[in-house]
>>> print(open('work.cif').read())   # mmCIF, C-alpha atoms
data_target
loop_
_atom_site.label_atom_id
_atom_site.label_comp_id
_atom_site.auth_asym_id
_atom_site.auth_seq_id
_atom_site.Cartn_x
_atom_site.Cartn_y
_atom_site.Cartn_z
CA MET A 1 -115.36 82.84 46.18
CA ASP A 2 -116.86 85.42 43.85
CA ILE A 3 -115.72 88.84 45.07
CA ARG A 4 -115.68 91.67 42.51
CA CYS A 5 -113.85 94.89 43.11
CA GLU A 6 -114.22 98.47 41.99
CA HIS A 7 -112.51 101.67 43.02
CA HIS A 8 -114.72 104.51 44.25
CA ASP A 9 -113.29 107.84 45.40
CA GLY A 10 -110.10 106.24 46.63
CA ALA A 11 -111.89 103.35 48.32
CA LEU A 12 -111.86 99.73 47.20
CA VAL A 13 -115.40 98.36 47.03
CA ALA A 14 -115.41 94.56 47.34
CA ARG A 15 -118.76 93.04 46.38
CA VAL A 16 -119.30 89.56 47.79
CA GLY A 17 -121.22 87.45 45.28
CA ALA A 18 -121.88 84.51 47.62
CA ASP A 19 -125.20 84.15 49.43
CA ARG A 20 -123.58 82.76 52.59
CA ILE A 21 -120.35 83.36 54.48
CA ASP A 22 -120.34 80.32 56.75
CA ALA A 23 -117.98 77.69 58.13
CA ALA A 24 -117.81 76.00 54.71
CA VAL A 25 -116.37 79.09 52.97
CA ALA A 26 -114.94 81.35 55.71
CA ILE A 27 -111.33 80.49 54.77
CA GLN A 28 -111.99 81.00 51.05
CA PHE A 29 -113.52 84.38 51.84
CA LYS A 30 -110.49 85.43 53.88
CA ASP A 31 -108.02 84.21 51.23
CA ARG A 32 -109.86 85.93 48.39
CA MET A 33 -110.05 89.19 50.37
CA ARG A 34 -106.32 88.99 51.09
CA GLU A 35 -105.78 88.72 47.31
CA VAL A 36 -108.00 91.62 46.28
CA MET A 37 -106.75 93.95 49.02
CA GLN A 38 -103.10 93.73 48.00
CA ASP A 39 -103.06 96.97 46.07
CA SER A 40 -105.92 98.49 47.95
CA ALA A 41 -106.52 102.04 49.03
CA THR A 42 -106.77 103.15 52.63
CA ARG A 43 -110.47 102.25 52.75
CA VAL A 44 -112.02 98.93 51.86
CA ILE A 45 -115.81 98.80 51.71
CA LEU A 46 -117.27 95.30 51.87
CA ASP A 47 -120.59 95.15 50.02
CA LEU A 48 -122.63 92.43 51.76
CA SER A 49 -125.93 93.13 49.99
CA ARG A 50 -126.03 89.66 48.42
CA VAL A 51 -125.04 87.80 51.59
CA GLY A 52 -128.18 86.51 53.31
CA PHE A 53 -126.44 84.55 56.05
CA LEU A 54 -123.23 84.81 58.03
CA ASP A 55 -122.35 82.58 61.00
CA SER A 56 -119.71 83.00 63.70
CA SER A 57 -117.04 81.57 61.37
CA GLY A 58 -117.98 84.18 58.77
CA LEU A 59 -117.94 86.88 61.43
CA GLY A 60 -114.48 85.73 62.53
CA ALA A 61 -113.32 85.89 58.92
CA VAL A 62 -114.57 89.49 58.54
CA VAL A 63 -112.66 90.40 61.74
CA ALA A 64 -109.56 88.64 60.37
CA VAL A 65 -109.84 90.68 57.15
CA MET A 66 -109.98 93.87 59.22
CA LYS A 67 -106.78 92.79 60.97
CA LEU A 68 -105.09 91.98 57.64
CA LEU A 69 -105.52 95.64 56.69
CA GLY A 70 -103.47 96.72 59.71
CA PRO A 71 -103.78 99.99 61.61
CA ASP A 72 -103.43 102.36 58.63
CA ARG A 73 -106.20 100.98 56.44
CA LYS A 74 -109.84 100.60 57.32
CA LEU A 75 -112.50 97.96 56.62
CA GLU A 76 -116.05 99.27 56.38
CA LEU A 77 -119.22 97.26 55.82
CA ALA A 78 -122.19 98.08 53.64
CA ALA A 79 -125.73 96.87 52.97
CA LEU A 80 -126.16 94.23 55.67
CA THR A 81 -129.18 91.97 55.14
CA PRO A 82 -131.40 91.36 58.23
CA THR A 83 -129.87 88.11 59.51
CA VAL A 84 -126.31 89.34 58.92
CA GLU A 85 -127.16 92.60 60.69
CA LYS A 86 -128.54 90.57 63.61
CA VAL A 87 -125.25 88.66 64.01
CA PHE A 88 -123.25 91.90 64.07
CA ARG A 89 -125.67 93.54 66.52
CA LEU A 90 -125.89 90.53 68.84
CA THR A 91 -122.12 90.18 69.11
CA ARG A 92 -121.69 93.98 69.41
CA MET A 93 -119.40 93.90 66.40
CA ASP A 94 -121.65 96.59 64.91
CA GLY A 95 -119.72 98.99 67.15
CA VAL A 96 -116.34 97.85 65.82
CA PHE A 97 -117.02 98.55 62.13
CA THR A 98 -118.35 101.58 60.28
CA ILE A 99 -121.53 100.23 58.70
CA HIS A 100 -123.17 101.92 55.72
CA ALA A 101 -126.85 101.31 54.97
CA ASN A 102 -126.10 101.06 51.25
CA ALA A 103 -123.12 100.10 49.15
CA PRO A 104 -121.76 102.62 46.63
CA ALA A 105 -123.65 102.14 43.35
CA SER A 106 -121.93 100.04 40.76
CA LEU A 107 -119.82 102.07 38.34
CA HIS A 108 -121.33 100.10 35.50
CA HIS A 109 -124.72 101.60 36.26
CA VAL A 110 -123.37 105.13 36.56
CA ARG A 111 -121.89 105.13 33.11
CA MET B 1 -164.64 72.58 74.39
CA SER B 2 -165.45 68.87 74.47
CA ASP B 3 -162.85 66.24 75.19
CA ASN B 4 -162.97 64.86 71.68
CA ALA B 5 -162.43 68.25 69.97
CA VAL B 6 -159.96 67.88 67.14
CA PRO B 7 -156.85 69.96 67.83
CA PRO B 8 -155.70 72.22 65.02
CA PRO B 9 -153.23 70.40 62.80
CA SER B 10 -149.65 71.29 63.62
CA PRO B 11 -147.04 71.26 60.91
CA PRO B 12 -145.24 67.94 60.73
CA ARG B 13 -142.05 67.13 62.58
CA VAL B 14 -138.96 67.36 60.40
CA ARG B 15 -136.04 64.97 60.82
CA LEU B 16 -132.75 65.09 58.93
CA VAL B 17 -129.70 62.85 59.24
CA PHE B 18 -126.55 64.02 57.46
CA PRO B 19 -122.75 63.73 57.62
CA ALA B 20 -120.86 66.02 60.02
CA GLU B 21 -119.16 68.01 57.24
CA PRO B 22 -119.37 71.76 56.53
CA LEU B 23 -121.03 71.42 53.11
CA ALA B 24 -123.50 68.80 54.36
CA VAL B 25 -124.37 71.10 57.27
CA ARG B 26 -124.93 73.95 54.83
CA ALA B 27 -127.18 71.76 52.67
CA ALA B 28 -129.16 70.57 55.71
CA VAL B 29 -129.72 74.11 57.01
CA GLY B 30 -130.82 75.15 53.51
CA LYS B 31 -133.22 72.22 53.28
CA LEU B 32 -134.73 73.10 56.68
CA PHE B 33 -135.26 76.78 56.09
CA ASP B 34 -135.81 77.08 52.33
CA HIS B 35 -139.14 75.29 52.70
CA MET B 36 -140.14 76.55 56.15
CA PRO B 37 -143.77 77.74 55.93
CA THR B 38 -143.98 81.47 56.60
CA GLU B 39 -146.94 80.96 58.94
CA LEU B 40 -144.66 78.88 61.14
CA LEU B 41 -141.87 81.44 61.53
CA SER B 42 -141.59 85.07 60.51
CA GLU B 43 -138.59 86.05 58.42
CA ASP B 44 -136.89 87.43 61.53
CA GLU B 45 -137.53 84.25 63.52
CA ARG B 46 -136.34 82.16 60.63
CA GLY B 47 -133.06 84.10 60.63
CA THR B 48 -132.73 83.54 64.38
CA ALA B 49 -133.46 79.81 64.06
CA GLU B 50 -130.97 79.52 61.22
CA ILE B 51 -128.22 81.20 63.27
CA VAL B 52 -128.79 78.95 66.32
CA ILE B 53 -129.03 75.69 64.38
CA ALA B 54 -126.05 76.52 62.15
CA GLU B 55 -123.90 77.35 65.20
CA VAL B 56 -124.86 74.13 67.00
CA LEU B 57 -124.08 72.08 63.88
CA ASN B 58 -120.76 73.89 63.29
CA ASN B 59 -119.72 73.08 66.85
CA ILE B 60 -120.51 69.41 66.35
CA VAL B 61 -118.42 69.32 63.15
CA GLU B 62 -115.50 71.24 64.66
CA HIS B 63 -115.40 69.97 68.23
CA ALA B 64 -117.48 66.81 68.75
CA TYR B 65 -116.25 65.01 65.63
CA ALA B 66 -113.24 67.27 65.01
CA GLY B 67 -112.56 65.86 61.55
CA ALA B 68 -113.63 62.28 62.33
CA PRO B 69 -116.48 60.91 60.21
CA GLY B 70 -119.95 60.66 61.69
CA ASN B 71 -123.56 61.69 61.39
CA ILE B 72 -125.72 64.40 62.89
CA ASP B 73 -129.39 63.70 63.59
CA LEU B 74 -131.64 66.75 63.80
CA THR B 75 -135.35 66.85 64.67
CA LEU B 76 -137.50 69.99 64.56
CA ASP B 77 -140.89 69.77 66.21
CA PRO B 78 -143.23 72.72 65.65
CA THR B 79 -145.31 73.60 68.74
CA ASP B 80 -147.75 76.37 69.66
CA THR B 81 -144.90 78.43 71.05
CA GLY B 82 -142.17 77.83 68.49
CA LEU B 83 -139.85 75.01 67.49
CA ASN B 84 -138.48 72.25 69.71
CA CYS B 85 -135.10 71.10 68.45
CA VAL B 86 -133.27 67.87 69.28
CA ILE B 87 -129.79 67.38 67.83
CA THR B 88 -127.73 64.25 68.48
CA ASP B 89 -124.27 63.09 67.44
CA GLN B 90 -121.84 60.31 68.30
CA GLY B 91 -118.82 62.55 68.78
CA ARG B 92 -116.79 63.53 71.81
CA PRO B 93 -118.59 64.95 74.86
CA MET B 94 -118.77 68.65 75.68
CA PRO B 95 -115.77 69.87 77.70
CA ASP B 96 -116.43 68.94 81.39
CA GLY B 97 -119.74 67.46 80.27
CA VAL B 98 -121.54 70.80 80.23
CA ILE B 99 -122.66 73.38 77.67
CA PRO B 100 -120.07 76.19 77.44
CA ILE B 101 -121.14 79.35 79.28
CA GLY B 102 -120.77 81.39 76.11
CA VAL B 103 -119.39 84.69 77.34
CA LEU B 104 -119.39 87.35 74.63
CA PRO B 105 -115.75 87.87 73.61
CA THR B 106 -114.77 91.52 73.27
CA GLY B 107 -111.66 93.41 72.24
CA VAL B 108 -110.19 96.87 71.82
CA GLY B 109 -109.24 98.52 68.53
CA LEU B 110 -107.68 96.05 66.11
CA ASP B 111 -107.40 93.46 68.85
CA GLN B 112 -110.83 91.95 68.22
CA PRO B 113 -111.78 88.30 68.76
CA GLU B 114 -112.13 86.08 65.67
CA GLY B 115 -114.01 83.32 67.45
CA GLY B 116 -115.92 82.35 70.54
CA PHE B 117 -119.21 83.90 69.39
CA GLY B 118 -121.03 80.64 68.72
CA TRP B 119 -122.24 79.61 72.18
CA TYR B 120 -122.96 83.20 73.09
CA MET B 121 -125.36 83.47 70.14
CA ILE B 122 -126.89 80.03 70.76
CA ARG B 123 -127.63 80.93 74.38
CA ALA B 124 -128.85 84.45 73.54
CA LEU B 125 -131.30 83.28 70.89
CA SER B 126 -132.62 79.96 72.25
CA ARG B 127 -134.58 78.92 75.36
CA ASP B 128 -134.54 75.88 77.66
CA ILE B 129 -131.26 74.58 76.31
CA SER B 130 -130.17 71.28 77.84
CA TYR B 131 -127.40 68.78 77.20
CA ASN B 132 -127.25 65.06 77.93
CA ARG B 133 -124.26 62.84 77.44
CA ARG B 134 -125.65 59.41 76.65
CA PRO B 135 -123.79 56.14 76.23
CA ASP B 136 -124.15 56.52 72.47
CA GLY B 137 -123.23 60.19 72.19
CA ASN B 138 -124.43 63.76 72.71
CA CYS B 139 -127.98 65.04 72.82
CA LEU B 140 -128.72 68.77 72.80
CA THR B 141 -132.28 70.06 73.08
CA PHE B 142 -133.53 73.64 72.94
CA HIS B 143 -136.55 75.73 72.06
CA LEU B 144 -136.76 78.50 69.48
CA PRO B 145 -139.62 80.72 70.61
CA ARG B 146 -142.05 82.60 68.42
CA ARG B 147 -143.04 86.07 69.43
CA GLN B 148 -146.69 86.65 70.09
CA ALA B 149 -146.86 89.43 67.50
CA ALA B 150 -145.41 87.21 64.84
CA PHE B 151 -147.79 84.43 65.86
CA LEU B 152 -150.77 86.76 65.47
CA ALA B 153 -149.47 88.05 62.15
CA GLY B 154 -149.23 84.49 60.90
CA PHE B 155 -152.61 83.47 62.31
CA PRO B 156 -154.71 84.18 59.19
CA ASN B 157 -152.44 81.85 57.24
CA CYS B 158 -153.01 79.11 59.83
CA ILE B 159 -156.77 79.56 59.54
CA GLY B 160 -156.45 79.42 55.77
CA SER B 161 -154.57 76.15 55.82
CA MET B 162 -156.97 74.64 58.38
CA THR B 163 -160.06 75.30 56.29
CA GLN B 164 -158.67 74.05 53.00
#
>>> encode(input="work.cif", output="structure tokens")
Amino acid sequence: MDIRCEHHDGALVARVGADRIDAAVAIQFKDRMREVMQDSATRVILDLSRVGFLDSSGLGAVVAVMKLLGPDRKLELAALTPTVEKVFRLTRMDGVFTIHANAPASLHHVR
Amino acid sequence: MSDNAVPPPSPPRVRLVFPAEPLAVRAAVGKLFDHMPTELLSEDERGTAEIVIAEVLNNIVEHAYAGAPGNIDLTLDPTDTGLNCVITDQGRPMPDGVIPIGVLPTGVGLDQPEGGFGWYMIRALSRDISYNRRPDGNCLTFHLPRRQAAFLAGFPNCIGSMTQ
């Protein structure tokens, strides 16, 4: 799965390039996140701005990624699209994660 | 209105038959919703419908067939109030022959659930859900309602398509 990473102010920003995190790719998502988080900072911000759909398997995978980080590191979410936001709200998982309205701007644009 | 008044045309019924595999499910859901007319469902309702149908199909793949090969047969029937959905498969029956209650799983701190959300979301977002175990397999029916406001917002489009 296409997940690109940048470091911003001590946080790892992981930008998901897939348009869906569903049952077909939930395991790939989790495996790829495990890979990119190996050297990660204390905060990981998951940029979901390109993800239009996430099902309960995808939600479970996001929770699993949070657990992979352990108690000393934190997973935060950013830029949820409407249907993804609905899944988090409906399952009350919106209260479990810090959710940012927007993802940190890409460093490539700042330069 | 006279007895022989012509009812407004409703959008056609859609039927898809596809293998019970994750990528086939994804393709089927895409096919259903990528071409869904906007006057039929608002973007919000489309998202809701997509969640419910995807969860039902995932359950069939994971639990009814559980890796065994088979097909899923899905019919969507647009009505005045929303979409009637009928989904059948030839897999194993629901546990105890009934639809799971779908209690929202919750946790504390890092101890959060990674599954069990599917039936909760299906039940929360659909209406009139019913399950029948038939000699040839499972049949699940439910309704995906449209909100009145969304219906009214889409009404000019309906008029437009009727007068073309």
>>> atom_distance(input="work.cif", atom1="atom CA of Ala78 of chain A", atom2="atom CA of Ala24 of chain A")
22.5 Å
>>> atom_distance(input="work.cif", atom1="atom CA of Val103 of chain B", atom2="atom CA of Ser126 of chain B")
14.9 Å
>>> closest_atom_pairs(input="work.cif", of="chain A", to="chain B", cutoff="8 Å", atoms="all atoms listed in the file", output="tab-separated table")
residue	atom	partner	partner_atom	distance
A:Ala23	CA	B:Pro22	CA	6.3
A:Ala24	CA	B:Pro22	CA	4.9
A:Asp55	CA	B:Ile51	CA	6.4
A:Ser56	CA	B:Gly118	CA	5.7
A:Ser57	CA	B:Gly115	CA	7.0
A:Leu59	CA	B:Glu114	CA	7.2
A:Gly60	CA	B:Glu114	CA	3.9
A:Ala61	CA	B:Glu114	CA	6.9
A:Val63	CA	B:Glu114	CA	5.9
A:Ala64	CA	B:Glu114	CA	6.4
A:Met66	CA	B:Leu110	CA	7.6
A:Lys67	CA	B:Leu110	CA	6.2
A:Gly70	CA	B:Leu110	CA	7.7
A:Pro71	CA	B:Leu110	CA	7.1
A:Pro82	CA	B:Asp44	CA	7.5
A:Thr83	CA	B:Gly47	CA	5.2
A:Leu90	CA	B:Met121	CA	7.2
A:Thr91	CA	B:Leu104	CA	6.8
A:Val96	CA	B:Gly109	CA	7.6
>>> resolve_selection(input="work.cif", expression="the PyMOL selection byres ((chain B and resi 31) around 12)", output="list in words")
Val14, Arg15, Leu16, Val17, Phe18, Ala24, Val25, Arg26, Ala27, Ala28, Val29, Gly30, Leu32, Phe33, Asp34, His35, Met36, Glu50 and Leu74 of chain B
>>> residues_around(input="work.cif", residues="Val51 of chain A", least_positions_apart="3", cutoff="6 Å", atoms="only C-alpha atoms", output="list in words")
Asp19, Arg20 and Leu48 of chain A
>>> residues_near_point(input="work.cif", point="(-128.9, 84.7, 50.0)", cutoff="10 Å", atoms="all atoms listed in the file", output="PyMOL selection string")
chain A and resi 17-21+49-54+81
>>> residues_around(input="work.cif", residues="Ser130 of chain B", least_positions_apart="4", cutoff="12 Å", atoms="only C-alpha atoms", output="ChimeraX atom specification")
/B:84-88,94,97-100,122-123,126,138-143
>>> axis_aligned_box(input="work.cif", around="segment 12-29 of chain B", padding_each_side="4 Å", output="JSON")
{"center_x": -132.2, "center_y": 68.5, "center_z": 57.6, "size_x": 34.1, "size_y": 19.3, "size_z": 17.9}
>>> resolve_selection(input="work.cif", expression="the PyMOL selection byres ((chain A and resi 34-36) around 9)", output="ChimeraX atom specification")
/A:3-5,14,29-33,37-40,65,68-69
>>> residues_around(input="work.cif", residues="Gly10 of chain A", least_positions_apart="2", cutoff="10 Å", atoms="all atoms listed in the file", output="list in words")
Glu6, His7, His8, Leu12, Val13, Ser40, Ala41, Thr42, Arg43 and Val44 of chain A
>>> resolve_selection(input="work.cif", expression="the PyMOL selection byres ((chain A and resi 99) around 10)", output="number ranges by chain")
A: 45-46, 75-80, 85, 94-98, 100-103
>>> residues_near_point(input="work.cif", point="(-117.0, 61.5, 62.4)", cutoff="10 Å", atoms="only C-alpha atoms", output="MDAnalysis selection string")
chainID B and resid 19:21 60:61 64:72 89:92
